[in-house]
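For reference, work.cif (mmCIF, C-alpha atoms):
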data_work
#
loop_
_atom_site.label_atom_id
_atom_site.label_comp_id
_atom_site.auth_asym_id
_atom_site.auth_seq_id
_atom_site.Cartn_x
_atom_site.Cartn_y
_atom_site.Cartn_z
CA MET A 105 0.00 0.00 0.00
CA ILE A 106 3.06 2.25 0.27
CA ASN A 107 3.65 4.06 -2.99
CA LYS A 108 7.28 5.13 -2.62
CA ARG A 109 10.43 3.49 -1.30
CA SER A 110 11.99 6.79 -0.18
CA PHE A 111 10.95 10.34 0.58
CA LEU A 112 13.42 13.23 0.90
CA GLY A 113 16.16 10.67 1.46
CA ILE A 114 14.17 8.84 4.15
CA PRO A 115 13.90 5.13 3.23
CA LEU A 116 10.24 4.27 3.49
CA ALA A 117 10.80 0.53 3.11
CA ARG A 118 11.51 0.37 6.86
CA ARG A 119 8.51 0.69 9.12
CA SER A 120 10.52 2.38 11.86
CA ALA A 121 11.52 5.19 9.47
CA ARG A 122 7.93 5.56 8.34
CA ARG A 123 6.79 5.85 11.94
CA TRP A 124 9.24 8.69 12.57
CA LEU A 125 7.90 10.39 9.49
CA VAL A 126 4.33 10.06 10.76
CA VAL A 127 5.33 11.45 14.16
CA GLY A 128 7.01 14.43 12.48
CA PHE A 129 4.00 14.96 10.26
CA TRP A 130 1.59 15.06 13.21
CA VAL A 131 3.83 17.39 15.20
CA LEU A 132 3.69 19.70 12.17
CA ILE A 133 -0.09 19.38 11.93
CA LEU A 134 -0.59 20.13 15.64
CA ALA A 135 1.75 23.14 15.50
CA PHE A 136 -0.05 24.39 12.40
CA ALA A 137 -3.48 23.99 14.05
CA VAL A 138 -2.31 25.83 17.19
CA TYR A 139 -0.93 28.78 15.21
CA PHE A 140 -3.71 28.82 12.64
CA PRO A 141 -5.85 31.43 14.47
CA LEU A 142 -2.80 33.73 14.62
CA LEU A 143 -2.31 33.33 10.86
CA LEU A 144 -5.91 34.28 10.28
CA ARG A 145 -5.47 37.50 12.27
CA MET A 146 -2.45 38.65 10.24
CA ARG A 147 -2.97 41.52 7.82
CA PRO A 148 -3.43 40.64 4.16
CA THR A 149 -0.18 40.80 2.18
CA PHE A 150 0.68 41.49 -1.44
CA PHE A 151 0.70 37.78 -2.18
CA GLY A 152 -2.77 37.19 -0.80
CA LEU A 153 -4.55 36.57 2.43
CA PRO A 154 -2.64 34.64 5.08
CA ALA A 155 -5.72 32.45 5.37
CA ASN A 156 -5.30 31.58 1.72
CA TRP A 157 -1.69 30.59 2.30
CA ALA A 158 -2.67 28.62 5.37
CA PHE A 159 -5.27 26.73 3.37
CA GLN A 160 -2.74 26.03 0.61
CA PHE A 161 -0.34 24.73 3.25
CA ALA A 162 -3.06 22.47 4.67
CA LEU A 163 -3.69 21.06 1.20
CA LEU A 164 0.04 20.50 0.75
CA LEU A 165 0.15 18.57 4.03
CA ILE A 166 -2.76 16.44 2.87
CA SER A 167 -1.30 15.69 -0.56
CA LEU A 168 2.06 14.80 1.00
CA LEU A 169 0.74 11.62 2.59
CA GLY A 170 -1.14 10.57 -0.54
CA GLY A 171 -4.31 8.56 -0.86
CA HIS A 172 -5.80 11.30 -3.03
CA ASP A 173 -3.55 11.03 -6.07
CA ARG A 174 -0.56 9.11 -7.40
CA ARG A 175 2.13 11.41 -6.02
CA GLY A 176 1.69 10.74 -2.30
CA LEU A 177 3.43 8.29 0.00
CA VAL A 178 0.38 6.04 0.13
CA ARG A 179 -1.18 4.58 -3.01
CA ASP A 180 -4.21 6.40 -4.38
CA PHE A 181 -7.33 5.20 -2.55
CA HIS A 182 -9.37 5.69 -5.71
CA GLY A 183 -7.26 3.37 -7.87
CA ARG A 184 -9.19 0.74 -9.79
CA THR A 185 -9.87 -2.37 -7.75
CA PRO A 186 -9.92 -5.97 -9.07
CA GLU A 187 -13.69 -6.10 -8.55
CA GLU A 188 -14.28 -3.13 -10.81
CA GLY A 189 -12.99 -4.92 -13.88
CA PRO A 190 -11.69 -3.13 -16.97
CA ALA A 191 -12.46 0.56 -17.41
CA ASP A 192 -14.82 1.94 -20.02
CA TYR A 193 -12.67 3.17 -22.91
CA SER A 194 -15.45 4.08 -25.31
CA PHE A 195 -15.19 7.46 -27.06
CA MET A 196 -11.42 7.63 -26.39
CA THR A 197 -8.63 7.86 -28.93
CA PRO A 198 -6.05 5.03 -29.02
CA ASP A 199 -3.42 7.38 -27.53
CA ASP A 200 -5.73 8.33 -24.69
CA ILE A 201 -6.57 4.68 -24.06
CA ALA A 202 -2.87 3.78 -23.89
CA ALA A 203 -2.15 6.67 -21.50
CA ARG A 204 -5.14 5.78 -19.36
CA LYS A 205 -4.14 2.10 -19.19
CA GLU A 206 -0.59 3.05 -18.20
CA ALA A 207 -1.87 5.33 -15.44
CA GLU A 208 -4.26 2.66 -14.22
CA SER A 209 -1.59 -0.02 -14.10
CA GLN A 210 0.58 2.22 -11.91
CA ASN A 211 -2.37 3.22 -9.81
CA ARG A 212 -4.10 -0.11 -9.28
CA LEU A 213 -5.12 -1.52 -5.94
CA ASP A 214 -4.97 -5.28 -5.54
CA GLU A 215 -7.21 -7.20 -3.15
CA ARG A 216 -4.84 -6.77 -0.19
CA ASP A 217 -4.61 -3.01 -0.82
CA VAL A 218 -8.39 -2.73 -0.89
CA ARG A 219 -8.65 -4.67 2.37
CA LEU A 220 -6.00 -2.47 4.04
CA ARG A 221 -7.55 0.72 2.72
CA ASN A 222 -10.96 -0.20 4.08
CA ALA A 223 -9.56 -1.30 7.44
CA ALA A 224 -7.56 1.95 7.78
CA HIS A 225 -10.69 4.00 7.09
CA TYR A 226 -12.64 2.06 9.68
CA ARG A 227 -9.92 2.59 12.30
CA ALA A 228 -9.72 6.29 11.42
CA TYR A 229 -13.49 6.59 11.70
CA ALA A 230 -13.41 4.95 15.15
CA ALA A 231 -10.67 7.40 16.25
CA VAL A 232 -12.54 10.44 14.89
CA ARG A 233 -15.69 9.27 16.66
CA TRP A 234 -13.83 9.25 19.98
CA ILE A 235 -12.23 12.63 19.32
CA ALA A 236 -15.63 14.14 18.47
CA PHE A 237 -17.11 12.55 21.59
CA LEU A 238 -14.37 14.02 23.82
CA VAL A 239 -14.70 17.49 22.27
CA VAL A 240 -18.47 17.54 22.73
CA PHE A 241 -18.15 16.12 26.26
CA ALA A 242 -15.60 18.82 27.18
CA ALA A 243 -17.78 21.54 25.66
CA MET A 244 -20.82 20.44 27.62
CA THR A 245 -19.19 19.76 30.97
CA ASP A 246 -16.48 22.41 31.33
CA PRO A 247 -17.91 25.93 31.05
CA SER A 248 -14.47 27.45 31.63
CA LEU A 249 -13.27 26.27 28.19
CA ASP A 250 -13.37 29.09 25.67
CA PHE A 251 -14.56 27.24 22.60
CA ALA A 252 -15.06 30.43 20.63
CA ARG A 253 -11.28 30.93 20.84
CA LEU A 254 -10.46 27.28 20.05
CA ARG A 255 -12.99 26.94 17.28
CA GLN A 256 -10.70 27.76 14.35
CA SER A 257 -7.97 25.41 15.55
CA LEU A 258 -10.44 22.62 16.21
CA VAL A 259 -12.09 22.92 12.82
CA LEU A 260 -8.72 22.88 11.04
CA LEU A 261 -7.48 19.99 13.17
CA LEU A 262 -10.60 17.95 12.50
CA PHE A 263 -10.29 18.68 8.77
CA LEU A 264 -6.66 17.53 8.71
CA ILE A 265 -7.39 14.47 10.86
CA ILE A 266 -10.21 13.34 8.59
CA GLN A 267 -8.09 13.88 5.48
CA THR A 268 -4.86 12.25 6.66
CA LEU A 269 -5.55 9.75 9.45
CA PRO A 270 -6.16 6.69 7.21
CA GLN A 271 -2.89 7.39 5.37
CA SER A 272 -1.05 7.82 8.68
CA ILE A 273 -2.47 4.52 9.93
CA LEU A 274 -1.26 2.75 6.79
CA LEU A 275 2.22 4.26 7.01
CA TRP A 276 2.36 3.32 10.69
CA THR A 277 1.12 -0.26 10.41
CA GLU A 278 2.49 -1.58 7.11
CA PRO A 279 5.40 -3.97 7.78
CA ASP A 280 8.86 -3.53 6.25
CA MET A 281 8.74 -3.67 2.47
CA GLU A 282 10.57 -6.39 0.57
CA GLU A 283 12.43 -6.45 -2.71
CA PRO A 284 10.54 -7.88 -5.71
CA GLN A 285 12.89 -10.90 -5.93
CA MET B 100 8.72 -24.45 4.68
CA ASN B 101 9.27 -28.13 4.02
CA ASP B 102 11.08 -29.28 7.10
CA ALA B 103 10.53 -29.70 10.81
CA THR B 104 11.41 -26.03 11.40
CA GLN B 105 8.29 -24.93 9.52
CA LYS B 106 7.31 -21.60 10.98
CA PRO B 107 3.83 -21.03 12.32
CA PRO B 108 1.71 -19.00 9.94
CA GLY B 109 1.41 -15.27 10.46
CA GLU B 110 -1.79 -13.34 10.91
CA SER B 111 -3.70 -15.41 8.35
CA GLY B 112 -3.51 -18.67 10.30
CA LEU B 113 -2.80 -20.48 7.02
CA TYR B 114 0.25 -22.53 6.09
CA ASN B 115 1.30 -22.40 2.47
CA ARG B 116 3.90 -23.72 0.05
CA ILE B 117 4.09 -20.73 -2.27
CA ALA B 118 7.76 -19.96 -1.52
CA VAL B 119 8.75 -23.59 -2.13
CA LEU B 120 6.78 -23.82 -5.36
CA ARG B 121 8.14 -20.51 -6.56
CA ALA B 122 11.73 -21.53 -5.81
CA GLU B 123 11.17 -24.89 -7.45
CA ARG B 124 10.02 -23.23 -10.66
CA GLY B 125 12.63 -20.47 -10.47
CA ILE B 126 10.23 -17.58 -10.67
CA SER B 127 10.51 -14.28 -8.84
CA ARG B 128 7.87 -12.69 -6.66
CA GLN B 129 7.41 -10.04 -9.30
CA GLN B 130 6.77 -12.63 -12.02
CA LEU B 131 4.25 -14.45 -9.87
CA ALA B 132 2.62 -11.15 -8.90
CA ASP B 133 2.30 -10.15 -12.57
CA ALA B 134 0.73 -13.50 -13.40
CA MET B 135 -1.74 -13.16 -10.53
CA ASP B 136 -2.40 -9.47 -11.20
CA VAL B 137 -1.39 -8.39 -7.68
CA ASN B 138 1.45 -6.32 -6.24
CA TYR B 139 4.69 -8.19 -5.52
CA GLN B 140 4.46 -7.27 -1.86
CA THR B 141 1.20 -9.19 -1.63
CA ILE B 142 3.08 -12.34 -2.69
CA GLY B 143 5.57 -11.74 0.14
CA PHE B 144 2.76 -11.38 2.66
CA LEU B 145 1.12 -14.54 1.31
CA GLU B 146 4.36 -16.50 1.61
CA ARG B 147 4.86 -15.43 5.21
CA GLY B 148 1.27 -16.28 6.04
CA ASP B 149 0.52 -12.67 6.93
CA TYR B 150 -2.29 -12.44 4.43
CA SER B 151 -5.08 -14.87 3.67
CA PRO B 152 -5.96 -14.65 -0.01
CA SER B 153 -9.41 -14.40 -1.49
CA LEU B 154 -10.83 -17.58 -2.97
CA LYS B 155 -10.26 -16.08 -6.42
CA LEU B 156 -6.54 -15.54 -5.75
CA ALA B 157 -6.11 -18.94 -4.07
CA LEU B 158 -7.70 -20.68 -7.05
CA GLY B 159 -5.62 -18.56 -9.40
CA LEU B 160 -2.43 -19.69 -7.64
CA ALA B 161 -3.57 -23.32 -7.78
CA GLU B 162 -4.21 -22.99 -11.49
CA TYR B 163 -0.86 -21.28 -12.04
CA PHE B 164 1.11 -23.98 -10.24
CA GLY B 165 -1.09 -26.75 -11.67
CA LEU B 166 -1.89 -28.15 -8.23
CA PRO B 167 -5.01 -28.54 -6.15
CA VAL B 168 -5.55 -25.62 -3.80
CA GLU B 169 -5.12 -27.88 -0.72
CA ALA B 170 -1.60 -28.71 -1.92
CA ILE B 171 -0.71 -25.02 -1.61
CA PHE B 172 -2.71 -23.87 1.41
CA SER B 173 -3.48 -25.69 4.61
CA ARG B 174 -4.78 -24.91 8.08
CA GLN B 175 -2.44 -27.59 9.46
CA PRO B 176 1.36 -27.62 9.09
CA PHE B 177 2.41 -29.39 5.90
CA GLN B 178 4.05 -32.74 6.19
CA PRO B 179 7.78 -32.30 5.48
CA LEU B 180 8.64 -33.21 1.88
CA SER B 181 11.32 -35.65 2.99
CA GLU B 182 8.74 -37.49 5.04
CA GLN B 183 6.23 -37.42 2.21
CA VAL B 184 8.65 -38.66 -0.44
CA TYR B 185 10.93 -40.99 1.50
CA GLY B 186 8.88 -41.72 4.58
CA THR B 187 11.65 -40.38 6.83
CA LYS B 188 11.64 -37.88 9.65
CA PRO B 189 14.10 -34.98 9.24
CA THR B 190 16.99 -35.23 11.68
CA GLY B 191 18.70 -31.95 10.91
CA SER B 192 22.04 -33.71 10.30
CA GLY B 193 21.39 -34.34 6.62
CA GLU B 194 21.36 -38.14 7.12
CA ARG B 195 18.46 -40.13 5.83
CA GLN B 196 16.76 -42.44 8.31
CA PRO B 197 15.09 -45.68 7.29
#
So that I can check it, write out the structure of this file as structure tokens.
Amino acid sequence: MINKRSFLGIPLARRSARRWLVVGFWVLILAFAVYFPLLLRMRPTFFGLPANWAFQFALLLISLLGGHDRRGLVRDFHGRTPEEGPADYSFMTPDDIAARKEAESQNRLDERDVRLRNAAHYRAYAAVRWIAFLVVFAAMTDPSLDFARLRQSLVLLLFLIIQTLPQSILLWTEPDMEEPQ
Amino acid sequence: MNDATQKPPGESGLYNRIAVLRAERGISRQQLADAMDVNYQTIGFLERGDYSPSLKLALGLAEYFGLPVEAIFSRQPFQPLSEQVYGTKPTGSGERQP
């Protein structure tokens, strides 16, 4: 399910290295969520609103782990599965068909990938359910918490968690990768 | 996988002879993966018993190796080949026992 064997010189074939990468990624996400309200309060610059830049950065963080396209660390979750059978190539030119087939062969999920992908989403859903439960519980039982102040951070954090937790789970749990031989 | 040191299966709880059959036929994981239309890593997980295949993949492997599926996968440890062929128990010293 891992798409790349190395990232910025970090060998991803080893699970231990991947786990360090996930830890670093989540430290970055937490720091970003904490400072996000400050970014929103900054004055607009020549290059655009800080909020715009913050959103772009959030999207970059999401695309880094993959699952959404072919460039990420984890294989694209939307790749064709064995159950789906061949794609519909009607109304396509031969060149387009060849390009599409090439992309699909690089982007295909086999039955184990599909099983892992689904399991990772279930685990992520269970985690998000607990996080949502704790947030709501804290909001209802502790009147001293200033949720108006935390709102922006919480919304961003929840957005990033939903978008990247399945990928993080896969990077964390996949065993060491082997050579093809 | 064909001697008394046969490892217990991984998460799948299934014993298999894929590694032996692959070595016997001199094919790589990648070649087998291409023939089965799966990723080569999936073959590695199958061999280690860390993944239990779908019925479709198990039957595909049986067809590929030209063997019945129960000759490739088993819930019980496989009988060592030496015992099957020669009726001997492996001693670990390389000597054949009557």
Can you tell me which residues surround Ala161 (chain B) at a distance of at most 10 Å, considering all atoms listed in the file, apart from same-chain residues fewer than 5 positions away, and format the answer as an mmCIF file with C-alpha atoms, in the frame of the given file?
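Listed below is the output, out_25.cif:
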data_model
loop_
_atom_site.group_PDB
_atom_site.id
_atom_site.type_symbol
_atom_site.label_atom_id
_atom_site.label_comp_id
_atom_site.auth_asym_id
_atom_site.auth_seq_id
_atom_site.Cartn_x
_atom_site.Cartn_y
_atom_site.Cartn_z
ATOM 1 C CA ILE B 117 4.090 -20.730 -2.270
ATOM 2 C CA LYS B 155 -10.260 -16.080 -6.420
ATOM 3 C CA LEU B 156 -6.540 -15.540 -5.750
ATOM 4 C CA LEU B 166 -1.890 -28.150 -8.230
ATOM 5 C CA PRO B 167 -5.010 -28.540 -6.150
ATOM 6 C CA VAL B 168 -5.550 -25.620 -3.800
ATOM 7 C CA GLU B 169 -5.120 -27.880 -0.720
ATOM 8 C CA ALA B 170 -1.600 -28.710 -1.920
ATOM 9 C CA ILE B 171 -0.710 -25.020 -1.610
ATOM 10 C CA PHE B 172 -2.710 -23.870 1.410
#
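Comparing A:Ser167, A:Pro247, A:Ile106, A:Val131 by their smallest distance to Arg119 (chain A), the closest is A:Ile106 (using only C-alpha atoms).
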Residues matched by the PyMOL selection byres ((chain B) within 7 of (chain A)) as an MDAnalysis selection string: chainID B and resid 127:129 137:141
Based on the selection just made, write C-alpha atoms of those residues as a PDB file, in the coordinates of the input.
ATOM      1  CA  SER B 127      10.510 -14.280  -8.840  1.00  0.00           C
ATOM      2  CA  ARG B 128       7.870 -12.690  -6.660  1.00  0.00           C
ATOM      3  CA  GLN B 129       7.410 -10.040  -9.300  1.00  0.00           C
ATOM      4  CA  VAL B 137      -1.390  -8.390  -7.680  1.00  0.00           C
ATOM      5  CA  ASN B 138       1.450  -6.320  -6.240  1.00  0.00           C
ATOM      6  CA  TYR B 139       4.690  -8.190  -5.520  1.00  0.00           C
ATOM      7  CA  GLN B 140       4.460  -7.270  -1.860  1.00  0.00           C
ATOM      8  CA  THR B 141       1.200  -9.190  -1.630  1.00  0.00           C
TER       9      THR B 141
END
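CA of Val218 (chain A) is found 15.2 Å from CA of Leu154 (chain B).
Every protein, DNA or RNA residue with an atom at most 7 Å from Ser111 (chain B), where only C-alpha atoms count and chain neighbours fewer than 3 positions away do not, is listed here: B:Pro108, B:Gly148, B:Asp149, B:Tyr150, B:Ser151.
Rounded to one decimal, CA of Ile114 (chain A) and CA of Ser272 (chain A) lie 15.9 Å from each other.
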For Leu131 (chain B), list every protein, DNA or RNA residue within 8 Å, evaluated using only C-alpha atoms, and leave out those in the same chain fewer than 5 positions away; present the list as a CSV table (one decimal) with C-alpha atoms, keeping the file's coordinate frame.
chain,number,residue,atom,x,y,z
B,121,ARG,CA,8.1,-20.5,-6.6
B,126,ILE,CA,10.2,-17.6,-10.7
B,139,TYR,CA,4.7,-8.2,-5.5
B,142,ILE,CA,3.1,-12.3,-2.7
Separation of CA of Asn222 (chain A) from CA of Lys205 (chain A), in Å and rounded to one decimal: 24.4 Å
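The nearest approach to Ser153 (chain B) among the residues A:Pro270, A:Arg219, A:Ser257, A:Arg123, with only C-alpha atoms taken into account, belongs to A:Arg219.
Here the question is which of A:Asp180, A:Ala155, A:Arg221, A:Ala121 gets nearest to Gln256 (chain A) using all atoms listed in the file, and that residue is A:Ala155.
Put simply, the PyMOL selection byres ((chain A and resi 138) around 12) in this file takes in Val131, Leu132, Ile133, Leu134, Ala135, Phe136, Ala137, Tyr139, Phe140, Pro141, Leu142, Leu143, Leu144, Arg253, Leu254, Arg255, Gln256, Ser257, Leu258, Val259, Leu260 and Leu261 of chain A.
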Explicit residue set for the PyMOL selection byres ((chain A and resi 225) around 10), as a PyMOL selection string: chain A and resi 220-224+226-231+266+269-271+273-274
Residue list as a PyMOL selection string for point (9.1, 9.8, 8.7), cut-off 10 Å, all atoms listed in the file: chain A and resi 110-112+114-116+118-129+275-276
For the residues in that selection, give me C-alpha atoms as an mmCIF file, in the frame of the given file.
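Full text of again.cif as output:
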data_model
loop_
_atom_site.group_PDB
_atom_site.id
_atom_site.type_symbol
_atom_site.label_atom_id
_atom_site.label_comp_id
_atom_site.auth_asym_id
_atom_site.auth_seq_id
_atom_site.Cartn_x
_atom_site.Cartn_y
_atom_site.Cartn_z
ATOM 1 C CA SER A 110 11.990 6.790 -0.180
ATOM 2 C CA PHE A 111 10.950 10.340 0.580
ATOM 3 C CA LEU A 112 13.420 13.230 0.900
ATOM 4 C CA ILE A 114 14.170 8.840 4.150
ATOM 5 C CA PRO A 115 13.900 5.130 3.230
ATOM 6 C CA LEU A 116 10.240 4.270 3.490
ATOM 7 C CA ARG A 118 11.510 0.370 6.860
ATOM 8 C CA ARG A 119 8.510 0.690 9.120
ATOM 9 C CA SER A 120 10.520 2.380 11.860
ATOM 10 C CA ALA A 121 11.520 5.190 9.470
ATOM 11 C CA ARG A 122 7.930 5.560 8.340
ATOM 12 C CA ARG A 123 6.790 5.850 11.940
ATOM 13 C CA TRP A 124 9.240 8.690 12.570
ATOM 14 C CA LEU A 125 7.900 10.390 9.490
ATOM 15 C CA VAL A 126 4.330 10.060 10.760
ATOM 16 C CA VAL A 127 5.330 11.450 14.160
ATOM 17 C CA GLY A 128 7.010 14.430 12.480
ATOM 18 C CA PHE A 129 4.000 14.960 10.260
ATOM 19 C CA LEU A 275 2.220 4.260 7.010
ATOM 20 C CA TRP A 276 2.360 3.320 10.690
#
Rebuild region 127-137 of chain A to all heavy atoms - output it as a compact mmCIF listing (two decimals), in the coordinates of the input, please.
# COMPACT_ATOMS: atom_id res chain seq x y z
N VAL A 127 5.24 10.64 12.94
CA VAL A 127 5.33 11.45 14.16
C VAL A 127 5.65 12.91 13.79
O VAL A 127 5.00 13.85 14.26
CB VAL A 127 6.40 10.88 15.12
CG1 VAL A 127 6.70 11.86 16.25
CG2 VAL A 127 5.94 9.55 15.69
N GLY A 128 6.63 13.09 12.93
CA GLY A 128 7.01 14.43 12.48
C GLY A 128 5.85 15.14 11.80
O GLY A 128 5.60 16.33 12.05
N PHE A 129 5.14 14.39 10.99
CA PHE A 129 4.00 14.96 10.26
C PHE A 129 2.94 15.45 11.24
O PHE A 129 2.41 16.56 11.11
CB PHE A 129 3.44 13.87 9.34
CG PHE A 129 2.25 14.32 8.55
CD1 PHE A 129 2.43 15.06 7.39
CD2 PHE A 129 0.97 14.00 8.95
CE1 PHE A 129 1.32 15.49 6.66
CE2 PHE A 129 -0.13 14.42 8.22
CZ PHE A 129 0.05 15.16 7.08
N TRP A 130 2.65 14.67 12.26
CA TRP A 130 1.59 15.06 13.21
C TRP A 130 2.04 16.18 14.13
O TRP A 130 1.21 16.99 14.56
CB TRP A 130 1.09 13.83 13.98
CG TRP A 130 0.14 13.09 13.10
CD1 TRP A 130 0.42 12.07 12.25
CD2 TRP A 130 -1.24 13.40 12.88
NE1 TRP A 130 -0.68 11.70 11.53
CE2 TRP A 130 -1.72 12.51 11.90
CE3 TRP A 130 -2.10 14.35 13.40
CZ2 TRP A 130 -3.04 12.54 11.45
CZ3 TRP A 130 -3.42 14.36 12.96
CH2 TRP A 130 -3.87 13.47 12.00
N VAL A 131 3.32 16.24 14.44
CA VAL A 131 3.83 17.39 15.20
C VAL A 131 3.61 18.66 14.38
O VAL A 131 3.15 19.69 14.90
CB VAL A 131 5.33 17.20 15.54
CG1 VAL A 131 5.95 18.49 16.04
CG2 VAL A 131 5.50 16.09 16.58
N LEU A 132 3.89 18.57 13.08
CA LEU A 132 3.69 19.70 12.17
C LEU A 132 2.22 20.10 12.11
O LEU A 132 1.87 21.29 12.16
CB LEU A 132 4.20 19.30 10.78
CG LEU A 132 4.44 20.41 9.77
CD1 LEU A 132 5.57 21.31 10.23
CD2 LEU A 132 4.80 19.82 8.41
N ILE A 133 1.35 19.11 12.01
CA ILE A 133 -0.09 19.38 11.93
C ILE A 133 -0.59 20.06 13.22
O ILE A 133 -1.32 21.05 13.17
CB ILE A 133 -0.88 18.07 11.68
CG1 ILE A 133 -0.83 17.74 10.19
CG2 ILE A 133 -2.32 18.19 12.13
CD1 ILE A 133 -1.70 16.58 9.78
N LEU A 134 -0.14 19.55 14.37
CA LEU A 134 -0.59 20.13 15.64
C LEU A 134 -0.09 21.57 15.78
O LEU A 134 -0.85 22.46 16.19
CB LEU A 134 -0.11 19.26 16.81
CG LEU A 134 -0.86 17.94 16.98
CD1 LEU A 134 -0.21 17.09 18.06
CD2 LEU A 134 -2.33 18.20 17.32
N ALA A 135 1.19 21.78 15.42
CA ALA A 135 1.75 23.14 15.50
C ALA A 135 0.98 24.07 14.57
O ALA A 135 0.65 25.20 14.94
CB ALA A 135 3.23 23.11 15.13
N PHE A 136 0.68 23.59 13.39
CA PHE A 136 -0.05 24.39 12.40
C PHE A 136 -1.44 24.73 12.93
O PHE A 136 -1.90 25.88 12.82
CB PHE A 136 -0.14 23.59 11.10
CG PHE A 136 -0.85 24.30 9.99
CD1 PHE A 136 -0.52 25.59 9.63
CD2 PHE A 136 -1.87 23.66 9.31
CE1 PHE A 136 -1.20 26.24 8.60
CE2 PHE A 136 -2.54 24.30 8.28
CZ PHE A 136 -2.20 25.59 7.93
N ALA A 137 -2.12 23.74 13.53
CA ALA A 137 -3.48 23.99 14.05
C ALA A 137 -3.45 25.00 15.19
O ALA A 137 -4.33 25.85 15.30
CB ALA A 137 -4.10 22.67 14.50
